[in-house]
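Reproduced below: upload_26.csv, with CSV, C-alpha atoms.
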```
chain,number,residue,atom,x,y,z
M,1,MET,CA,-10.4,-6.1,-12.4
M,2,ILE,CA,-6.8,-6.3,-10.9
M,3,LYS,CA,-6.9,-10.1,-11.2
M,4,ALA,CA,-7.7,-9.7,-14.9
M,5,LEU,CA,-4.9,-7.2,-15.4
M,6,THR,CA,-2.3,-9.5,-13.7
M,7,GLY,CA,-3.6,-12.5,-15.5
M,8,ALA,CA,-3.2,-10.8,-18.9
M,9,LYS,CA,0.3,-9.8,-17.9
M,10,ILE,CA,-0.5,-6.1,-18.5
M,11,LEU,CA,1.2,-5.2,-15.2
M,12,ASP,CA,4.3,-7.4,-15.6
M,13,ASN,CA,6.5,-4.3,-16.2
M,14,PHE,CA,5.8,-3.3,-12.6
M,15,ARG,CA,7.3,-6.4,-11.0
M,16,PHE,CA,10.2,-6.1,-8.6
M,17,ASP,CA,12.5,-9.0,-8.6
M,18,GLY,CA,9.7,-11.0,-10.2
M,19,ALA,CA,7.0,-10.1,-7.6
M,20,PHE,CA,4.4,-7.4,-7.4
M,21,ARG,CA,4.9,-4.9,-4.6
M,22,ILE,CA,1.8,-4.7,-2.4
M,23,ALA,CA,1.7,-2.1,0.3
M,24,VAL,CA,-0.7,-2.7,3.3
M,25,ASP,CA,-1.9,0.2,5.5
M,26,GLY,CA,-4.9,1.3,7.4
M,27,VAL,CA,-7.0,4.4,6.8
M,28,CYS,CA,-9.8,6.1,8.7
M,29,PHE,CA,-12.8,6.9,6.6
M,30,ALA,CA,-15.3,8.3,9.2
M,31,SER,CA,-15.1,9.7,12.7
M,32,PHE,CA,-17.7,10.9,15.3
M,33,ASP,CA,-17.7,12.4,18.7
M,34,ARG,CA,-20.4,10.0,19.8
M,35,PRO,CA,-21.2,6.4,19.1
M,36,HIS,CA,-22.4,6.0,15.5
M,37,CYS,CA,-23.2,2.3,15.9
M,38,GLU,CA,-22.2,-0.6,18.1
M,39,HIS,CA,-19.5,-1.6,15.7
M,40,CYS,CA,-17.5,1.7,16.0
M,41,LEU,CA,-13.9,1.6,17.0
M,42,ARG,CA,-13.0,4.0,19.8
M,43,ARG,CA,-10.0,5.8,21.1
M,44,THR,CA,-9.8,8.0,24.3
M,45,LYS,CA,-7.2,10.7,24.6
M,46,ASP,CA,-7.1,13.4,27.3
M,47,GLY,CA,-10.5,12.3,28.5
M,48,LYS,CA,-12.2,12.6,25.1
M,49,THR,CA,-13.4,9.6,23.3
M,50,THR,CA,-13.5,9.5,19.5
M,51,TYR,CA,-15.5,6.9,17.6
M,52,PHE,CA,-14.4,6.0,14.1
M,53,HIS,CA,-14.5,3.5,11.2
M,54,TYR,CA,-11.3,2.1,9.8
M,55,ALA,CA,-10.3,-0.1,6.9
M,56,LEU,CA,-7.1,-2.0,6.0
M,57,VAL,CA,-6.2,-1.8,2.4
M,58,ALA,CA,-3.7,-3.7,0.2
M,59,MET,CA,-2.6,-1.7,-2.9
M,60,LEU,CA,-0.3,-2.7,-5.7
M,61,VAL,CA,2.3,0.2,-5.9
M,62,THR,CA,4.8,1.1,-8.5
M,63,PRO,CA,7.7,3.6,-8.9
M,64,CYS,CA,5.9,5.5,-11.6
M,65,GLY,CA,3.1,6.4,-9.1
M,66,LEU,CA,0.5,3.9,-10.3
M,67,VAL,CA,-1.5,2.5,-7.3
M,68,LEU,CA,-4.3,-0.1,-7.6
M,69,PRO,CA,-6.4,-1.3,-4.6
M,70,MET,CA,-6.5,-5.1,-4.5
M,71,GLU,CA,-8.0,-6.1,-1.2
M,72,VAL,CA,-10.0,-4.4,1.6
M,73,GLU,CA,-10.7,-5.6,5.1
M,74,PHE,CA,-13.0,-3.5,7.3
M,75,ILE,CA,-11.8,-3.1,10.9
M,76,GLU,CA,-14.9,-3.0,13.1
M,77,ASN,CA,-16.2,-4.5,16.4
M,78,THR,CA,-18.5,-7.4,15.6
M,79,ASP,CA,-19.1,-10.7,17.2
M,80,GLU,CA,-16.5,-12.2,14.8
M,81,HIS,CA,-14.0,-9.3,14.9
M,82,GLY,CA,-13.5,-8.0,18.4
M,83,LYS,CA,-16.4,-7.1,20.7
M,84,PRO,CA,-19.4,-4.8,20.1
M,85,ARG,CA,-19.4,-1.6,22.1
M,86,SER,CA,-22.3,-2.8,24.3
M,87,SER,CA,-20.4,-6.0,25.3
M,88,ASP,CA,-16.9,-4.8,26.3
M,89,ASP,CA,-15.4,-1.3,26.5
M,90,GLU,CA,-11.8,-2.5,26.8
M,91,PHE,CA,-9.7,-1.2,23.9
M,92,LYS,CA,-7.6,-4.4,23.8
M,93,LYS,CA,-10.7,-6.4,23.0
M,94,GLN,CA,-11.5,-4.4,19.9
M,95,ASP,CA,-10.8,-5.4,16.4
M,96,CYS,CA,-7.5,-3.9,15.2
M,97,GLU,CA,-5.2,-3.5,12.2
M,98,LEU,CA,-3.2,-6.5,13.0
M,99,LYS,CA,-6.2,-8.8,13.4
M,100,ALA,CA,-7.5,-7.5,10.1
M,101,PHE,CA,-4.2,-8.2,8.4
M,102,TYR,CA,-4.6,-12.0,9.1
M,103,ARG,CA,-8.0,-11.9,7.4
M,104,LEU,CA,-6.7,-9.8,4.5
M,105,ALA,CA,-3.7,-12.1,4.0
M,106,ALA,CA,-6.1,-15.1,3.8
M,107,SER,CA,-8.3,-13.3,1.2
M,108,LEU,CA,-5.2,-12.2,-0.8
M,109,LYS,CA,-4.0,-15.7,-1.0
M,110,GLU,CA,-7.4,-17.0,-1.9
M,111,HIS,CA,-8.0,-14.5,-4.7
M,112,TYR,CA,-4.4,-14.5,-6.0
M,113,PRO,CA,-3.2,-18.0,-5.2
M,114,ARG,CA,-0.2,-18.0,-7.6
M,115,LEU,CA,0.6,-14.3,-7.8
M,116,PRO,CA,4.2,-13.6,-6.7
M,117,ILE,CA,3.8,-11.0,-4.0
M,118,CYS,CA,6.2,-8.7,-2.1
M,119,LEU,CA,4.5,-7.1,0.9
M,120,LEU,CA,5.5,-3.6,2.0
M,121,LEU,CA,4.6,-3.3,5.7
M,122,ASP,CA,5.2,-0.9,8.6
M,123,GLY,CA,6.8,-1.8,12.0
M,124,LEU,CA,3.5,-3.0,13.4
M,125,TYR,CA,3.8,-6.2,11.4
M,126,CYS,CA,7.2,-7.3,12.8
M,127,ASN,CA,5.9,-10.3,14.7
M,128,GLN,CA,5.9,-14.1,14.6
M,129,ASN,CA,2.5,-14.6,12.9
M,130,VAL,CA,3.1,-12.2,10.1
M,131,LEU,CA,6.5,-13.7,9.2
M,132,SER,CA,5.1,-17.2,9.4
M,133,ILE,CA,2.3,-16.2,6.9
M,134,CYS,CA,4.9,-14.8,4.5
M,135,GLU,CA,7.0,-17.9,4.7
M,136,LYS,CA,4.0,-20.2,4.3
M,137,ASN,CA,2.8,-18.3,1.3
M,138,GLN,CA,6.3,-17.8,-0.1
M,139,TRP,CA,5.8,-14.0,-0.1
M,140,ASP,CA,8.7,-11.6,0.0
M,141,TYR,CA,8.5,-8.7,2.4
M,142,PHE,CA,9.9,-5.4,3.5
M,143,ILE,CA,9.1,-4.3,7.0
M,144,THR,CA,9.9,-0.7,8.1
M,145,LEU,CA,11.9,-0.8,11.3
M,146,GLN,CA,11.7,2.3,13.6
M,147,ASP,CA,14.6,3.2,15.9
M,148,ASN,CA,12.7,2.3,19.1
M,149,SER,CA,11.0,-0.9,17.8
M,150,VAL,CA,12.0,-4.5,18.7
M,151,PRO,CA,15.1,-3.7,20.8
M,152,ALA,CA,16.4,-7.3,20.6
M,153,ILE,CA,16.6,-7.2,16.8
M,154,GLN,CA,18.2,-3.7,16.9
M,155,LYS,CA,21.0,-5.1,19.1
M,156,LYS,CA,21.6,-8.0,16.7
M,157,ILE,CA,21.6,-5.6,13.7
M,158,GLN,CA,24.2,-3.3,15.3
M,159,ALA,CA,26.4,-6.2,16.4
M,160,ASP,CA,26.4,-7.6,12.9
M,161,LEU,CA,27.2,-4.3,11.3
M,162,ASN,CA,30.1,-3.8,13.7
M,163,ALA,CA,31.4,-7.2,12.8
M,164,HIS,CA,31.1,-6.8,9.0
M,165,GLN,CA,32.3,-3.3,8.1
M,166,GLU,CA,32.5,-4.5,4.4
M,167,ASN,CA,28.7,-4.5,4.1
M,168,ARG,CA,28.6,-0.8,3.3
M,169,LEU,CA,28.2,1.3,0.1
M,170,HIS,CA,28.4,5.1,-0.4
M,171,ARG,CA,26.7,6.9,-3.3
M,172,GLN,CA,26.8,10.6,-3.9
M,173,ASN,CA,25.8,13.1,-6.6
M,174,LYS,CA,25.1,16.8,-6.7
M,175,GLU,CA,21.7,16.5,-5.0
M,176,VAL,CA,22.0,13.7,-2.5
M,177,ALA,CA,24.4,11.5,-0.5
M,178,GLN,CA,23.4,8.0,0.4
M,179,ASP,CA,25.2,5.6,2.8
M,180,TYR,CA,23.9,2.1,2.5
M,181,SER,CA,24.5,-0.8,4.9
M,182,TRP,CA,23.2,-4.3,5.4
M,183,THR,CA,23.6,-7.4,7.6
M,184,ASN,CA,24.1,-11.1,7.1
M,185,PRO,CA,21.1,-13.3,8.0
M,186,ILE,CA,19.9,-12.4,11.5
M,187,PRO,CA,18.2,-15.2,13.5
M,188,HIS,CA,15.4,-14.1,15.9
M,189,THR,CA,12.9,-15.9,18.1
M,190,PHE,CA,9.9,-13.8,19.0
M,191,TRP,CA,8.8,-13.7,22.7
M,192,ASN,CA,5.6,-15.7,22.1
M,193,ASN,CA,7.5,-18.5,20.5
M,194,TRP,CA,10.7,-18.7,22.5
M,195,LYS,CA,9.8,-22.0,24.3
M,196,LYS,CA,9.6,-23.7,20.9
M,197,GLY,CA,12.9,-22.3,19.8
M,198,ASP,CA,11.5,-21.5,16.3
M,199,LYS,CA,13.7,-18.9,14.6
M,200,HIS,CA,13.1,-16.5,11.7
M,201,TYR,CA,16.1,-15.5,9.6
M,202,MET,CA,15.9,-12.1,8.0
M,203,PHE,CA,18.2,-9.3,6.7
M,204,ALA,CA,18.3,-5.7,7.8
M,205,ILE,CA,19.0,-3.0,5.2
M,206,SER,CA,19.4,0.7,5.8
M,207,CYS,CA,20.1,3.9,4.1
M,208,LEU,CA,21.3,7.2,5.6
M,209,GLU,CA,20.3,9.9,3.1
M,210,THR,CA,21.3,13.6,3.1
M,211,ARG,CA,19.5,16.0,0.8
M,212,ASN,CA,19.7,19.8,1.2
M,213,LYS,CA,21.4,19.4,4.6
M,214,ILE,CA,18.5,17.3,5.9
M,215,THR,CA,19.4,13.7,6.9
M,216,SER,CA,16.8,10.9,6.8
M,217,LYS,CA,17.2,7.3,7.8
M,218,PHE,CA,15.4,4.3,6.3
M,219,VAL,CA,15.7,0.8,7.8
M,220,TYR,CA,13.9,-2.3,6.7
M,221,LEU,CA,13.8,-6.0,7.5
M,222,CYS,CA,13.5,-8.2,4.5
M,223,ASN,CA,14.0,-11.8,3.2
M,224,SER,CA,15.9,-10.8,0.1
M,225,LYS,CA,19.6,-11.2,0.4
M,226,PRO,CA,21.4,-7.9,0.0
M,227,ASP,CA,24.8,-7.2,-1.5
M,228,LYS,CA,26.7,-4.4,-3.2
M,229,ASN,CA,25.0,-5.1,-6.5
M,230,ASN,CA,21.3,-4.9,-5.3
M,231,ILE,CA,21.3,-2.8,-2.1
M,232,GLU,CA,20.2,0.4,-3.9
M,233,GLN,CA,17.3,-1.4,-5.6
M,234,LEU,CA,16.2,-3.1,-2.4
M,235,ILE,CA,16.0,0.2,-0.6
M,236,ASN,CA,14.8,2.6,-3.3
M,237,GLU,CA,12.6,0.3,-5.4
M,238,GLY,CA,11.6,-2.0,-2.6
M,239,GLY,CA,11.1,-0.8,0.9
M,240,ARG,CA,10.7,2.9,0.2
M,241,GLN,CA,7.8,2.3,-2.3
M,242,ARG,CA,5.5,1.6,0.7
M,243,TRP,CA,4.8,5.3,1.0
M,244,LYS,CA,3.0,5.3,-2.4
M,245,ILE,CA,-0.1,3.9,-0.7
M,246,GLU,CA,-0.2,7.1,1.4
M,247,ASN,CA,1.0,9.6,-1.1
M,248,GLN,CA,-0.7,8.4,-4.3
M,249,GLY,CA,-3.4,6.3,-2.7
M,250,PHE,CA,-5.0,7.7,0.5
M,251,ASN,CA,-3.9,11.3,-0.3
M,252,THR,CA,-5.8,11.2,-3.6
M,253,LEU,CA,-8.8,9.7,-1.9
M,254,LYS,CA,-8.8,12.4,0.8
M,255,ASN,CA,-7.7,15.6,-1.0
M,256,HIS,CA,-8.3,15.2,-4.8
M,257,GLY,CA,-12.0,15.4,-5.1
M,258,MET,CA,-13.1,12.0,-3.8
M,259,GLU,CA,-13.6,13.2,-0.2
M,260,LEU,CA,-12.8,10.0,1.6
M,261,GLU,CA,-13.7,11.3,5.0
M,262,HIS,CA,-16.9,13.0,4.1
M,263,GLY,CA,-20.0,11.2,5.4
M,264,PHE,CA,-22.3,10.8,2.4
M,265,GLY,CA,-24.4,8.3,4.4
M,266,ILE,CA,-24.4,6.7,7.8
M,267,THR,CA,-27.3,4.3,7.6
M,268,GLY,CA,-26.6,0.6,7.6
M,269,ASN,CA,-23.6,-0.1,5.4
M,270,CYS,CA,-23.6,3.2,3.5
M,271,MET,CA,-20.2,4.3,4.7
M,272,GLN,CA,-18.6,1.0,3.8
M,273,ASN,CA,-20.3,1.0,0.4
M,274,TYR,CA,-19.2,4.6,-0.3
M,275,PHE,CA,-15.7,3.6,0.7
M,276,LEU,CA,-15.6,0.8,-1.8
M,277,LEU,CA,-17.0,3.0,-4.5
M,278,ARG,CA,-14.2,5.5,-4.0
M,279,LEU,CA,-11.7,2.7,-4.3
M,280,ILE,CA,-13.3,1.7,-7.6
M,281,ALA,CA,-13.1,5.3,-8.7
M,282,LEU,CA,-9.4,5.4,-7.8
M,283,ILE,CA,-8.8,2.3,-10.0
M,284,VAL,CA,-10.5,4.0,-12.9
M,285,GLU,CA,-8.6,7.2,-12.4
M,286,GLN,CA,-5.3,5.3,-12.2
M,287,LEU,CA,-5.9,3.4,-15.3
M,288,MET,CA,-6.8,6.6,-17.2
M,289,LEU,CA,-3.6,8.3,-15.9
M,290,HIS,CA,-1.2,5.5,-16.6
M,291,SER,CA,-2.5,3.6,-19.6
M,292,ASN,CA,-2.9,4.5,-23.3
M,293,MET,CA,-6.8,4.1,-23.1
M,294,PHE,CA,-7.5,7.8,-23.1
M,295,ARG,CA,-5.2,8.4,-26.1
M,296,LYS,CA,-6.9,5.7,-28.0
M,297,LEU,CA,-10.3,7.3,-27.2
M,298,GLN,CA,-9.0,10.6,-28.5
M,299,ALA,CA,-8.0,9.0,-31.8
M,300,VAL,CA,-11.6,7.7,-32.5
M,301,ASN,CA,-12.6,11.0,-34.0
M,302,SER,CA,-9.2,12.0,-35.2
M,303,ASN,CA,-7.2,11.5,-38.4
M,304,HIS,CA,-4.3,10.2,-36.4
M,305,ASP,CA,-3.9,6.7,-35.1
M,306,ILE,CA,-3.2,8.0,-31.6
M,307,ILE,CA,-2.8,11.4,-30.0
M,308,GLN,CA,0.3,11.6,-27.8
M,309,LYS,CA,-1.2,13.6,-25.0
M,310,PRO,CA,-2.1,12.0,-21.7
M,311,VAL,CA,-5.4,12.7,-19.9
M,312,ILE,CA,-3.9,14.9,-17.2
M,313,ALA,CA,-2.1,17.1,-19.7
M,314,PHE,CA,-5.3,17.3,-21.9
M,315,PHE,CA,-7.7,18.4,-19.1
M,316,ARG,CA,-5.1,19.9,-16.7
M,317,SER,CA,-6.8,18.3,-13.7
M,318,MET,CA,-9.2,15.4,-12.9
M,319,ARG,CA,-11.7,17.9,-11.6
M,320,SER,CA,-11.7,19.7,-14.9
M,321,MET,CA,-12.2,16.4,-16.7
M,322,ALA,CA,-15.2,15.5,-14.5
M,323,ILE,CA,-16.8,18.9,-15.2
M,324,GLN,CA,-16.4,18.5,-19.0
M,325,LEU,CA,-17.6,15.0,-18.9
M,326,LEU,CA,-20.8,16.1,-17.0
M,327,ALA,CA,-21.3,18.9,-19.6
M,328,SER,CA,-21.0,16.3,-22.4
M,329,LEU,CA,-23.5,14.0,-20.7
M,330,ARG,CA,-26.0,16.8,-20.6
M,331,MET,CA,-25.5,18.1,-24.1
M,332,GLN,CA,-24.4,15.3,-26.3
M,333,LEU,CA,-25.4,11.8,-27.3
M,334,ILE,CA,-22.6,9.5,-26.1
M,335,VAL,CA,-21.7,6.8,-28.6
M,336,LEU,CA,-19.5,4.1,-27.2
M,337,PRO,CA,-16.8,2.9,-29.7
M,338,ASP,CA,-16.0,-0.8,-30.2
M,339,ILE,CA,-12.9,-1.4,-28.1
M,340,SER,CA,-13.0,-5.2,-28.3
M,341,ALA,CA,-9.9,-5.4,-30.5
M,342,TRP,CA,-8.0,-2.7,-28.7
M,343,ARG,CA,-4.7,-3.5,-26.9
M,344,VAL,CA,-4.2,-1.5,-23.8
M,345,SER,CA,-0.7,-0.9,-22.5
M,346,MET,CA,0.5,0.7,-19.3
M,347,ASN,CA,3.1,3.4,-19.0
M,348,SER,CA,5.7,2.3,-16.5
M,349,THR,CA,7.9,5.4,-16.6
```
Let me see the file written as structure tokens.
Amino acid sequence: MIKALTGAKILDNFRFDGAFRIAVDGVCFASFDRPHCEHCLRRTKDGKTTYFHYALVAMLVTPCGLVLPMEVEFIENTDEHGKPRSSDDEFKKQDCELKAFYRLAASLKEHYPRLPICLLLDGLYCNQNVLSICEKNQWDYFITLQDNSVPAIQKKIQADLNAHQENRLHRQNKEVAQDYSWTNPIPHTFWNNWKKGDKHYMFAISCLETRNKITSKFVYLCNSKPDKNNIEQLINEGGRQRWKIENQGFNTLKNHGMELEHGFGITGNCMQNYFLLRLIALIVEQLMLHSNMFRKLQAVNSNHDIIQKPVIAFFRSMRSMAIQLLASLRMQLIVLPDISAWRVSMNST
């Protein structure tokens, strides 16, 4: 479905610097206090072991809140991905988010070979292999950099900022003050490749934001060249959009009626199948919320060409819409309109 939307250029308004922003993050969709199957991941804390199932998801994200799942890679201990529980109990031998990313990146490239992509990643992905994949596939990237991560890069960033005081910009209005800074290209050789001498060149961009006397800091590594004209866009419309996968994506799946972490079935691949069904439901919900499809459906039995009222304003909540849809299915004969000639547009605001 997403491939059809991008191919038809329906989502082109959501491009950032020509590329689609795709956030990648992991999510737990089932957990147990005892082994559910030999493929469970496991974590021990304070002497208690938790067994869980995890998935890595790539979602197209946008400033208006539209999120669309594109690829899923299940993280589980199999003969191909880590070691089954019966074979090896060492946590380091398990499948993990980073291993799953390499599989997900290959699938993403296979399914969208010519799609311009900008990956939004957390600090886990700041390593040699991930950057090499991005360079090989000609993907842009923003990687969140925490204060205590990759000390060698942190030292290079600070040295470059001290040497180039001109790479700064201050913005302030009544609600927020933002201090931006950025570096020149920083060369870095990761520890597992230092003998070869291969270097990766990247930029560091940061924003110190003060709002209501609370100060937040955002730092990213990227391969887009920053300057005074684009630093605000790189920070606010680039790196910071990664959180949409959590806020509009996983939060909706967990807390807005889709009950992501509820175990509807644990036999065989039931949990994985339910997880995929929820992602499909999220796509349907997002297209209803952010396209004009619902307004066109309203107009079928109306004297107007289109009723300017979005689905969430009409029903007040998605739960209310589901309840009324169920009542209609019970009481009325549903006649599907001919939509073959309809042109669907997306709301990018």
Exercise. Could you name the residues that touch Ile157 (chain M) at 10 Å or less, counting only C-alpha atoms, but leaving out those on the same chain fewer than 2 positions away, as a PyMOL selection string?
Worked result: chain M and resi 151-155+159-163+182-186+203-205+221
For this session: Could you check which of M:Lys296, M:Lys217, M:Arg242, M:Lys228 is closest to His170 (chain M), using only C-alpha atoms?
Result: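 Nearest candidate to His170 (chain M) out of M:Lys296, M:Lys217, M:Arg242, M:Lys228: M:Lys228.
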For this session: Counting all atoms listed in the file, note down every residue that has an atom within 10 Å of the point (-2.2, -10.6, 10.4) (file coordinates), as a list in words.
Result: Cys96, Glu97, Leu98, Lys99, Ala100, Phe101, Tyr102, Arg103, Leu104, Ala105, Ala106, Leu124, Tyr125, Asn127, Gln128, Asn129, Val130, Leu131, Ser132 and Ile133 of chain M
For this session: Would you mind listing what lies within 9 Å of Leu208 (chain M) as a list in words, with only C-alpha atoms counted and same-chain residues fewer than 3 positions away left out?
Result: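 In the requested form, the answer reads Ala177, Gln178, Asp179, Tyr180, Ser181, Thr215, Ser216, Lys217, Phe218 and Val219 of chain M.
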For this session: Could you tell me which of M:Ile214, M:Cys126, M:Leu276, M:Ala327 comes closest to Met202 (chain M) if we count all atoms listed in the file?
Result: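 Among M:Ile214, M:Cys126, M:Leu276, M:Ala327, it is M:Cys126 that comes nearest to Met202 (chain M).
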For this session: Tell me, as number ranges by chain, which residues lie within 7 Å of region 62-78 of chain M, counting all atoms listed in the file; anything in the same chain fewer than 5 positions away does not count.
Result: M: 2, 14, 39-41, 53-57, 83-84, 94-97, 100, 104, 108, 237, 241, 244-245, 248-249, 279, 283, 286, 290, 348-349
Pull C-alpha atoms from the residues just selected and write them as a PDB file, in the frame of the given file.
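The new file again.pdb reads:
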```pdb
ATOM      1  CA  ILE M   2      -6.800  -6.300 -10.900  1.00  0.00           C
ATOM      2  CA  PHE M  14       5.800  -3.300 -12.600  1.00  0.00           C
ATOM      3  CA  HIS M  39     -19.500  -1.600  15.700  1.00  0.00           C
ATOM      4  CA  CYS M  40     -17.500   1.700  16.000  1.00  0.00           C
ATOM      5  CA  LEU M  41     -13.900   1.600  17.000  1.00  0.00           C
ATOM      6  CA  HIS M  53     -14.500   3.500  11.200  1.00  0.00           C
ATOM      7  CA  TYR M  54     -11.300   2.100   9.800  1.00  0.00           C
ATOM      8  CA  ALA M  55     -10.300  -0.100   6.900  1.00  0.00           C
ATOM      9  CA  LEU M  56      -7.100  -2.000   6.000  1.00  0.00           C
ATOM     10  CA  VAL M  57      -6.200  -1.800   2.400  1.00  0.00           C
ATOM     11  CA  LYS M  83     -16.400  -7.100  20.700  1.00  0.00           C
ATOM     12  CA  PRO M  84     -19.400  -4.800  20.100  1.00  0.00           C
ATOM     13  CA  GLN M  94     -11.500  -4.400  19.900  1.00  0.00           C
ATOM     14  CA  ASP M  95     -10.800  -5.400  16.400  1.00  0.00           C
ATOM     15  CA  CYS M  96      -7.500  -3.900  15.200  1.00  0.00           C
ATOM     16  CA  GLU M  97      -5.200  -3.500  12.200  1.00  0.00           C
ATOM     17  CA  ALA M 100      -7.500  -7.500  10.100  1.00  0.00           C
ATOM     18  CA  LEU M 104      -6.700  -9.800   4.500  1.00  0.00           C
ATOM     19  CA  LEU M 108      -5.200 -12.200  -0.800  1.00  0.00           C
ATOM     20  CA  GLU M 237      12.600   0.300  -5.400  1.00  0.00           C
ATOM     21  CA  GLN M 241       7.800   2.300  -2.300  1.00  0.00           C
ATOM     22  CA  LYS M 244       3.000   5.300  -2.400  1.00  0.00           C
ATOM     23  CA  ILE M 245      -0.100   3.900  -0.700  1.00  0.00           C
ATOM     24  CA  GLN M 248      -0.700   8.400  -4.300  1.00  0.00           C
ATOM     25  CA  GLY M 249      -3.400   6.300  -2.700  1.00  0.00           C
ATOM     26  CA  LEU M 279     -11.700   2.700  -4.300  1.00  0.00           C
ATOM     27  CA  ILE M 283      -8.800   2.300 -10.000  1.00  0.00           C
ATOM     28  CA  GLN M 286      -5.300   5.300 -12.200  1.00  0.00           C
ATOM     29  CA  HIS M 290      -1.200   5.500 -16.600  1.00  0.00           C
ATOM     30  CA  SER M 348       5.700   2.300 -16.500  1.00  0.00           C
ATOM     31  CA  THR M 349       7.900   5.400 -16.600  1.00  0.00           C
TER      32      THR M 349
END
```
For this session: For region 313-319 of chain M, please output as a list in words all residues within 12 Å (counting all atoms listed in the file; exclusion window: fewer than 2 positions along the same chain).
Result: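 Within the cut-off, the hits are Thr252, Asn255, His256, Gly257, Met258, Ala281, Leu282, Val284, Glu285, Gln286, Met288, Leu289, Phe294, Arg295, Gln298, Ile307, Gln308, Lys309, Pro310, Val311, Met321, Ala322, Ile323, Gln324, Leu325 and Leu326 of chain M.
One finds CA of Ala30 (chain M) at 10.1 Å from CA of Phe264 (chain M).
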For this session: Using all atoms listed in the file, collect all residues at a distance of at most 7 Å from (-2.3, 4.3, 5.1) as written in the file, then present them as a list in words.
Result: Asp25, Gly26, Val27, Ile245, Glu246 and Phe250 of chain M
Box centre and edge lengths (Å, one decimal), axis-aligned, region 171-187 of chain M plus 3 Å each side, as JSON:
```
{"center_x": 22.5, "center_y": 0.8, "center_z": 3.4, "size_x": 14.6, "size_y": 38.0, "size_z": 26.2}
```
Exercise. Can you tell me how far CA of Thr189 (chain M) sits from CA of Ala23 (chain M), in Å to one decimal?
Worked result: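 Spanning CA of Thr189 (chain M) to CA of Ala23 (chain M) is a straight-line distance of 25.2 Å.
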For this session: Could you jot down the CA of Val150 (chain M) to CA of Asp122 (chain M) separation for me, Å, one decimal place?
Result: 12.7 Å
